[in-house]
Amino acid sequence: VGSSVTGKVASFHRDKVQLFCQSMSEIEKLRAGQVERLMRSLQVESFPENINISDPNLLPFLSPRVRAVVEAFPLQAEAIVKKHGLDSEEFNQMLKATKTNPIFRWKIQKQLRIGDIHPAAATGRGERS
């Protein structure tokens, strides 16, 4: 772990961590809801695990309806982050820290368990750009 990441993690105050967790939780609910609605509208039971529908290389092959949902997601996630009082840079720094700093990741996972919510991104499986 680089010292700049460690220093940034140390500067994350408890309230910012809580705001980050609230944002993560709401973003994960949004993502899960959109995936569920897309699967229903496409009449499929699941998406192949090796395909990421938000991959920019895949966008041209998606139907206009699916493409619109995929393209709108980052803007909706941004609005959620702002609603919870964080700016994008703070959110993205904390998201990076969950992937690179095991102590910070544990802290986030602990906070999410307290709220009984487990978004994929906090466990290193999800991503937001």
# chains A, B, ... in the order shown; residues from 1 in each chain; ligands from 1

call {"tool": "residues_around", "arguments": {"residues": "Ser23 in chain A", "least_positions_apart": "6", "cutoff": "9 Å", "atoms": "only C-alpha atoms", "output": "list in words"}}
result
Ala77, Ile80, Val81, Lys82, Lys83, His84, Leu86 and Phe91 of chain A

call {"tool": "write_last_selection", "arguments": {"atoms": "N, CA and C atoms", "output": "PDB file, in the first residue's frame"}}
result
ATOM      1  N   ALA A  77     -25.537   7.349 -10.433  1.00  0.00           N
ATOM      2  CA  ALA A  77     -24.650   7.060  -9.299  1.00  0.00           C
ATOM      3  C   ALA A  77     -24.023   8.354  -8.784  1.00  0.00           C
ATOM      4  N   ILE A  80     -26.433  10.153  -6.615  1.00  0.00           N
ATOM      5  CA  ILE A  80     -26.538   9.500  -5.303  1.00  0.00           C
ATOM      6  C   ILE A  80     -25.383   9.933  -4.409  1.00  0.00           C
ATOM      7  N   VAL A  81     -24.175   9.930  -4.960  1.00  0.00           N
ATOM      8  CA  VAL A  81     -22.987  10.332  -4.194  1.00  0.00           C
ATOM      9  C   VAL A  81     -23.153  11.764  -3.689  1.00  0.00           C
ATOM     10  N   LYS A  82     -23.586  12.653  -4.573  1.00  0.00           N
ATOM     11  CA  LYS A  82     -23.779  14.058  -4.181  1.00  0.00           C
ATOM     12  C   LYS A  82     -24.884  14.199  -3.146  1.00  0.00           C
ATOM     13  N   LYS A  83     -25.950  13.424  -3.306  1.00  0.00           N
ATOM     14  CA  LYS A  83     -27.064  13.469  -2.353  1.00  0.00           C
ATOM     15  C   LYS A  83     -26.598  13.125  -0.938  1.00  0.00           C
ATOM     16  N   HIS A  84     -25.608  12.253  -0.858  1.00  0.00           N
ATOM     17  CA  HIS A  84     -25.094  11.837   0.445  1.00  0.00           C
ATOM     18  C   HIS A  84     -23.955  12.726   0.942  1.00  0.00           C
ATOM     19  N   LEU A  86     -21.019  13.741  -0.574  1.00  0.00           N
ATOM     20  CA  LEU A  86     -19.643  13.511  -1.006  1.00  0.00           C
ATOM     21  C   LEU A  86     -19.465  14.061  -2.410  1.00  0.00           C
ATOM     22  N   PHE A  91     -15.431  10.087  -3.156  1.00  0.00           N
ATOM     23  CA  PHE A  91     -16.038   8.765  -3.331  1.00  0.00           C
ATOM     24  C   PHE A  91     -15.056   7.833  -4.034  1.00  0.00           C
TER      25      PHE A  91
END

call {"tool": "atom_distance", "arguments": {"atom1": "CA of Asn50 in chain A", "atom2": "CA of Val69 in chain A"}}
result
19.5 Å

call {"tool": "closest_residue", "arguments": {"among": "A:Ile51, A:Ala97, A:Met24, A:Leu38", "to": "Val70 in chain A", "atoms": "only C-alpha atoms"}}
result
A:Leu38

call {"tool": "select_by_dssp", "arguments": {"residues": "range 54-115 of chain A", "states": "helix (DSSP H, G or I)", "output": "PDB file with N, CA and C atoms, in the first residue's frame"}}
result
ATOM      1  N   LEU A  59     -21.164  -1.551 -25.902  1.00  0.00           N
ATOM      2  CA  LEU A  59     -22.286  -0.607 -26.064  1.00  0.00           C
ATOM      3  C   LEU A  59     -22.892  -0.578 -27.469  1.00  0.00           C
ATOM      4  N   PRO A  60     -22.080  -0.529 -28.531  1.00  0.00           N
ATOM      5  CA  PRO A  60     -22.687  -0.464 -29.874  1.00  0.00           C
ATOM      6  C   PRO A  60     -23.570  -1.665 -30.221  1.00  0.00           C
ATOM      7  N   PHE A  61     -23.363  -2.778 -29.540  1.00  0.00           N
ATOM      8  CA  PHE A  61     -24.123  -3.996 -29.836  1.00  0.00           C
ATOM      9  C   PHE A  61     -25.401  -4.119 -29.006  1.00  0.00           C
ATOM     10  N   PRO A  64     -31.012  -0.085 -28.168  1.00  0.00           N
ATOM     11  CA  PRO A  64     -31.073   1.305 -27.697  1.00  0.00           C
ATOM     12  C   PRO A  64     -31.613   1.419 -26.268  1.00  0.00           C
ATOM     13  N   ARG A  65     -32.571   0.601 -25.919  1.00  0.00           N
ATOM     14  CA  ARG A  65     -33.166   0.633 -24.585  1.00  0.00           C
ATOM     15  C   ARG A  65     -32.145   0.249 -23.509  1.00  0.00           C
ATOM     16  N   VAL A  66     -31.417  -0.836 -23.757  1.00  0.00           N
ATOM     17  CA  VAL A  66     -30.409  -1.300 -22.810  1.00  0.00           C
ATOM     18  C   VAL A  66     -29.259  -0.295 -22.751  1.00  0.00           C
ATOM     19  N   ARG A  67     -28.835   0.205 -23.908  1.00  0.00           N
ATOM     20  CA  ARG A  67     -27.747   1.182 -23.968  1.00  0.00           C
ATOM     21  C   ARG A  67     -28.099   2.421 -23.151  1.00  0.00           C
ATOM     22  N   ALA A  68     -29.339   2.875 -23.240  1.00  0.00           N
ATOM     23  CA  ALA A  68     -29.771   4.062 -22.492  1.00  0.00           C
ATOM     24  C   ALA A  68     -29.647   3.839 -20.982  1.00  0.00           C
ATOM     25  N   VAL A  69     -30.035   2.667 -20.520  1.00  0.00           N
ATOM     26  CA  VAL A  69     -29.934   2.349 -19.088  1.00  0.00           C
ATOM     27  C   VAL A  69     -28.468   2.324 -18.665  1.00  0.00           C
ATOM     28  N   VAL A  70     -27.629   1.668 -19.469  1.00  0.00           N
ATOM     29  CA  VAL A  70     -26.200   1.539 -19.151  1.00  0.00           C
ATOM     30  C   VAL A  70     -25.536   2.919 -19.141  1.00  0.00           C
ATOM     31  N   GLU A  71     -25.858   3.745 -20.115  1.00  0.00           N
ATOM     32  CA  GLU A  71     -25.235   5.072 -20.205  1.00  0.00           C
ATOM     33  C   GLU A  71     -25.719   6.009 -19.105  1.00  0.00           C
ATOM     34  N   ALA A  72     -26.942   5.821 -18.616  1.00  0.00           N
ATOM     35  CA  ALA A  72     -27.486   6.688 -17.568  1.00  0.00           C
ATOM     36  C   ALA A  72     -26.948   6.340 -16.182  1.00  0.00           C
ATOM     37  N   PHE A  73     -26.495   5.109 -15.989  1.00  0.00           N
ATOM     38  CA  PHE A  73     -26.094   4.661 -14.649  1.00  0.00           C
ATOM     39  C   PHE A  73     -25.030   5.541 -13.992  1.00  0.00           C
ATOM     40  N   PRO A  74     -23.928   5.879 -14.674  1.00  0.00           N
ATOM     41  CA  PRO A  74     -22.917   6.715 -14.001  1.00  0.00           C
ATOM     42  C   PRO A  74     -23.476   8.059 -13.522  1.00  0.00           C
ATOM     43  N   LEU A  75     -24.368   8.650 -14.294  1.00  0.00           N
ATOM     44  CA  LEU A  75     -24.969   9.928 -13.892  1.00  0.00           C
ATOM     45  C   LEU A  75     -25.875   9.743 -12.679  1.00  0.00           C
ATOM     46  N   GLN A  76     -26.605   8.642 -12.656  1.00  0.00           N
ATOM     47  CA  GLN A  76     -27.472   8.360 -11.508  1.00  0.00           C
ATOM     48  C   GLN A  76     -26.628   8.077 -10.259  1.00  0.00           C
ATOM     49  N   ALA A  77     -25.537   7.349 -10.433  1.00  0.00           N
ATOM     50  CA  ALA A  77     -24.650   7.060  -9.299  1.00  0.00           C
ATOM     51  C   ALA A  77     -24.023   8.354  -8.784  1.00  0.00           C
ATOM     52  N   GLU A  78     -23.639   9.222  -9.686  1.00  0.00           N
ATOM     53  CA  GLU A  78     -23.074  10.525  -9.306  1.00  0.00           C
ATOM     54  C   GLU A  78     -24.073  11.331  -8.476  1.00  0.00           C
ATOM     55  N   ALA A  79     -25.317  11.313  -8.882  1.00  0.00           N
ATOM     56  CA  ALA A  79     -26.360  12.040  -8.145  1.00  0.00           C
ATOM     57  C   ALA A  79     -26.523  11.461  -6.737  1.00  0.00           C
ATOM     58  N   ILE A  80     -26.433  10.153  -6.615  1.00  0.00           N
ATOM     59  CA  ILE A  80     -26.538   9.500  -5.303  1.00  0.00           C
ATOM     60  C   ILE A  80     -25.383   9.933  -4.409  1.00  0.00           C
ATOM     61  N   VAL A  81     -24.175   9.930  -4.960  1.00  0.00           N
ATOM     62  CA  VAL A  81     -22.987  10.332  -4.194  1.00  0.00           C
ATOM     63  C   VAL A  81     -23.153  11.764  -3.689  1.00  0.00           C
ATOM     64  N   LYS A  82     -23.586  12.653  -4.573  1.00  0.00           N
ATOM     65  CA  LYS A  82     -23.779  14.058  -4.181  1.00  0.00           C
ATOM     66  C   LYS A  82     -24.884  14.199  -3.146  1.00  0.00           C
ATOM     67  N   LYS A  83     -25.950  13.424  -3.306  1.00  0.00           N
ATOM     68  CA  LYS A  83     -27.064  13.469  -2.353  1.00  0.00           C
ATOM     69  C   LYS A  83     -26.598  13.125  -0.938  1.00  0.00           C
ATOM     70  N   SER A  88     -17.325  13.485  -6.134  1.00  0.00           N
ATOM     71  CA  SER A  88     -16.858  12.310  -6.882  1.00  0.00           C
ATOM     72  C   SER A  88     -15.447  11.911  -6.502  1.00  0.00           C
ATOM     73  N   GLU A  89     -14.585  12.886  -6.310  1.00  0.00           N
ATOM     74  CA  GLU A  89     -13.196  12.584  -5.992  1.00  0.00           C
ATOM     75  C   GLU A  89     -13.087  11.849  -4.654  1.00  0.00           C
ATOM     76  N   GLU A  90     -13.804  12.331  -3.644  1.00  0.00           N
ATOM     77  CA  GLU A  90     -13.793  11.653  -2.333  1.00  0.00           C
ATOM     78  C   GLU A  90     -14.307  10.227  -2.466  1.00  0.00           C
ATOM     79  N   PHE A  91     -15.431  10.087  -3.156  1.00  0.00           N
ATOM     80  CA  PHE A  91     -16.038   8.765  -3.331  1.00  0.00           C
ATOM     81  C   PHE A  91     -15.056   7.833  -4.034  1.00  0.00           C
ATOM     82  N   ASN A  92     -14.477   8.294  -5.132  1.00  0.00           N
ATOM     83  CA  ASN A  92     -13.573   7.450  -5.908  1.00  0.00           C
ATOM     84  C   ASN A  92     -12.305   7.108  -5.132  1.00  0.00           C
ATOM     85  N   GLN A  93     -11.807   8.030  -4.297  1.00  0.00           N
ATOM     86  CA  GLN A  93     -10.651   7.727  -3.454  1.00  0.00           C
ATOM     87  C   GLN A  93     -10.994   6.623  -2.453  1.00  0.00           C
ATOM     88  N   MET A  94     -12.172   6.729  -1.854  1.00  0.00           N
ATOM     89  CA  MET A  94     -12.564   5.691  -0.896  1.00  0.00           C
ATOM     90  C   MET A  94     -12.821   4.372  -1.594  1.00  0.00           C
ATOM     91  N   LEU A  95     -13.410   4.419  -2.789  1.00  0.00           N
ATOM     92  CA  LEU A  95     -13.643   3.194  -3.550  1.00  0.00           C
ATOM     93  C   LEU A  95     -12.313   2.527  -3.884  1.00  0.00           C
ATOM     94  N   LYS A  96     -11.343   3.321  -4.300  1.00  0.00           N
ATOM     95  CA  LYS A  96     -10.014   2.776  -4.597  1.00  0.00           C
ATOM     96  C   LYS A  96      -9.401   2.177  -3.328  1.00  0.00           C
ATOM     97  N   ALA A  97      -9.570   2.866  -2.216  1.00  0.00           N
ATOM     98  CA  ALA A  97      -9.016   2.372  -0.948  1.00  0.00           C
ATOM     99  C   ALA A  97      -9.639   1.036  -0.552  1.00  0.00           C
ATOM    100  N   THR A  98     -10.931   0.816  -0.890  1.00  0.00           N
ATOM    101  CA  THR A  98     -11.547  -0.481  -0.552  1.00  0.00           C
ATOM    102  C   THR A  98     -10.902  -1.614  -1.336  1.00  0.00           C
ATOM    103  N   LYS A  99     -10.311  -1.273  -2.483  1.00  0.00           N
ATOM    104  CA  LYS A  99      -9.688  -2.297  -3.323  1.00  0.00           C
ATOM    105  C   LYS A  99      -8.207  -2.494  -3.003  1.00  0.00           C
ATOM    106  N   THR A 100      -7.570  -1.458  -2.444  1.00  0.00           N
ATOM    107  CA  THR A 100      -6.120  -1.520  -2.252  1.00  0.00           C
ATOM    108  C   THR A 100      -5.691  -1.613  -0.795  1.00  0.00           C
ATOM    109  N   PRO A 102      -6.559  -3.357   2.732  1.00  0.00           N
ATOM    110  CA  PRO A 102      -7.385  -4.356   3.420  1.00  0.00           C
ATOM    111  C   PRO A 102      -7.996  -3.857   4.732  1.00  0.00           C
ATOM    112  N   ILE A 103      -7.297  -2.976   5.442  1.00  0.00           N
ATOM    113  CA  ILE A 103      -7.837  -2.460   6.704  1.00  0.00           C
ATOM    114  C   ILE A 103      -9.031  -1.555   6.428  1.00  0.00           C
ATOM    115  N   PHE A 104      -8.902  -0.697   5.425  1.00  0.00           N
ATOM    116  CA  PHE A 104     -10.028   0.177   5.076  1.00  0.00           C
ATOM    117  C   PHE A 104     -11.199  -0.650   4.555  1.00  0.00           C
ATOM    118  N   ARG A 105     -10.902  -1.667   3.730  1.00  0.00           N
ATOM    119  CA  ARG A 105     -11.963  -2.547   3.205  1.00  0.00           C
ATOM    120  C   ARG A 105     -12.703  -3.209   4.360  1.00  0.00           C
ATOM    121  N   TRP A 106     -11.956  -3.699   5.358  1.00  0.00           N
ATOM    122  CA  TRP A 106     -12.574  -4.316   6.532  1.00  0.00           C
ATOM    123  C   TRP A 106     -13.466  -3.305   7.253  1.00  0.00           C
ATOM    124  N   LYS A 107     -12.971  -2.081   7.388  1.00  0.00           N
ATOM    125  CA  LYS A 107     -13.732  -1.023   8.060  1.00  0.00           C
ATOM    126  C   LYS A 107     -15.058  -0.758   7.323  1.00  0.00           C
ATOM    127  N   ILE A 108     -15.003  -0.714   6.007  1.00  0.00           N
ATOM    128  CA  ILE A 108     -16.207  -0.490   5.205  1.00  0.00           C
ATOM    129  C   ILE A 108     -17.145  -1.680   5.328  1.00  0.00           C
ATOM    130  N   GLN A 109     -16.606  -2.880   5.213  1.00  0.00           N
ATOM    131  CA  GLN A 109     -17.446  -4.072   5.331  1.00  0.00           C
ATOM    132  C   GLN A 109     -18.111  -4.136   6.698  1.00  0.00           C
ATOM    133  N   LYS A 110     -17.379  -3.769   7.735  1.00  0.00           N
ATOM    134  CA  LYS A 110     -17.935  -3.743   9.090  1.00  0.00           C
ATOM    135  C   LYS A 110     -19.080  -2.735   9.168  1.00  0.00           C
ATOM    136  N   GLN A 111     -18.869  -1.547   8.610  1.00  0.00           N
ATOM    137  CA  GLN A 111     -19.899  -0.504   8.621  1.00  0.00           C
ATOM    138  C   GLN A 111     -21.140  -0.965   7.842  1.00  0.00           C
ATOM    139  N   LEU A 112     -20.927  -1.637   6.728  1.00  0.00           N
ATOM    140  CA  LEU A 112     -22.055  -2.123   5.929  1.00  0.00           C
ATOM    141  C   LEU A 112     -22.810  -3.230   6.656  1.00  0.00           C
ATOM    142  N   ARG A 113     -22.088  -4.078   7.394  1.00  0.00           N
ATOM    143  CA  ARG A 113     -22.755  -5.134   8.163  1.00  0.00           C
ATOM    144  C   ARG A 113     -23.631  -4.531   9.248  1.00  0.00           C
ATOM    145  N   ILE A 114     -23.175  -3.449   9.851  1.00  0.00           N
ATOM    146  CA  ILE A 114     -23.973  -2.774  10.873  1.00  0.00           C
ATOM    147  C   ILE A 114     -25.309  -2.353  10.277  1.00  0.00           C
TER     148      ILE A 114
END

call {"tool": "atom_distance", "arguments": {"atom1": "CA of Lys16 in chain A", "atom2": "CA of Gly85 in chain A"}}
result
8.4 Å
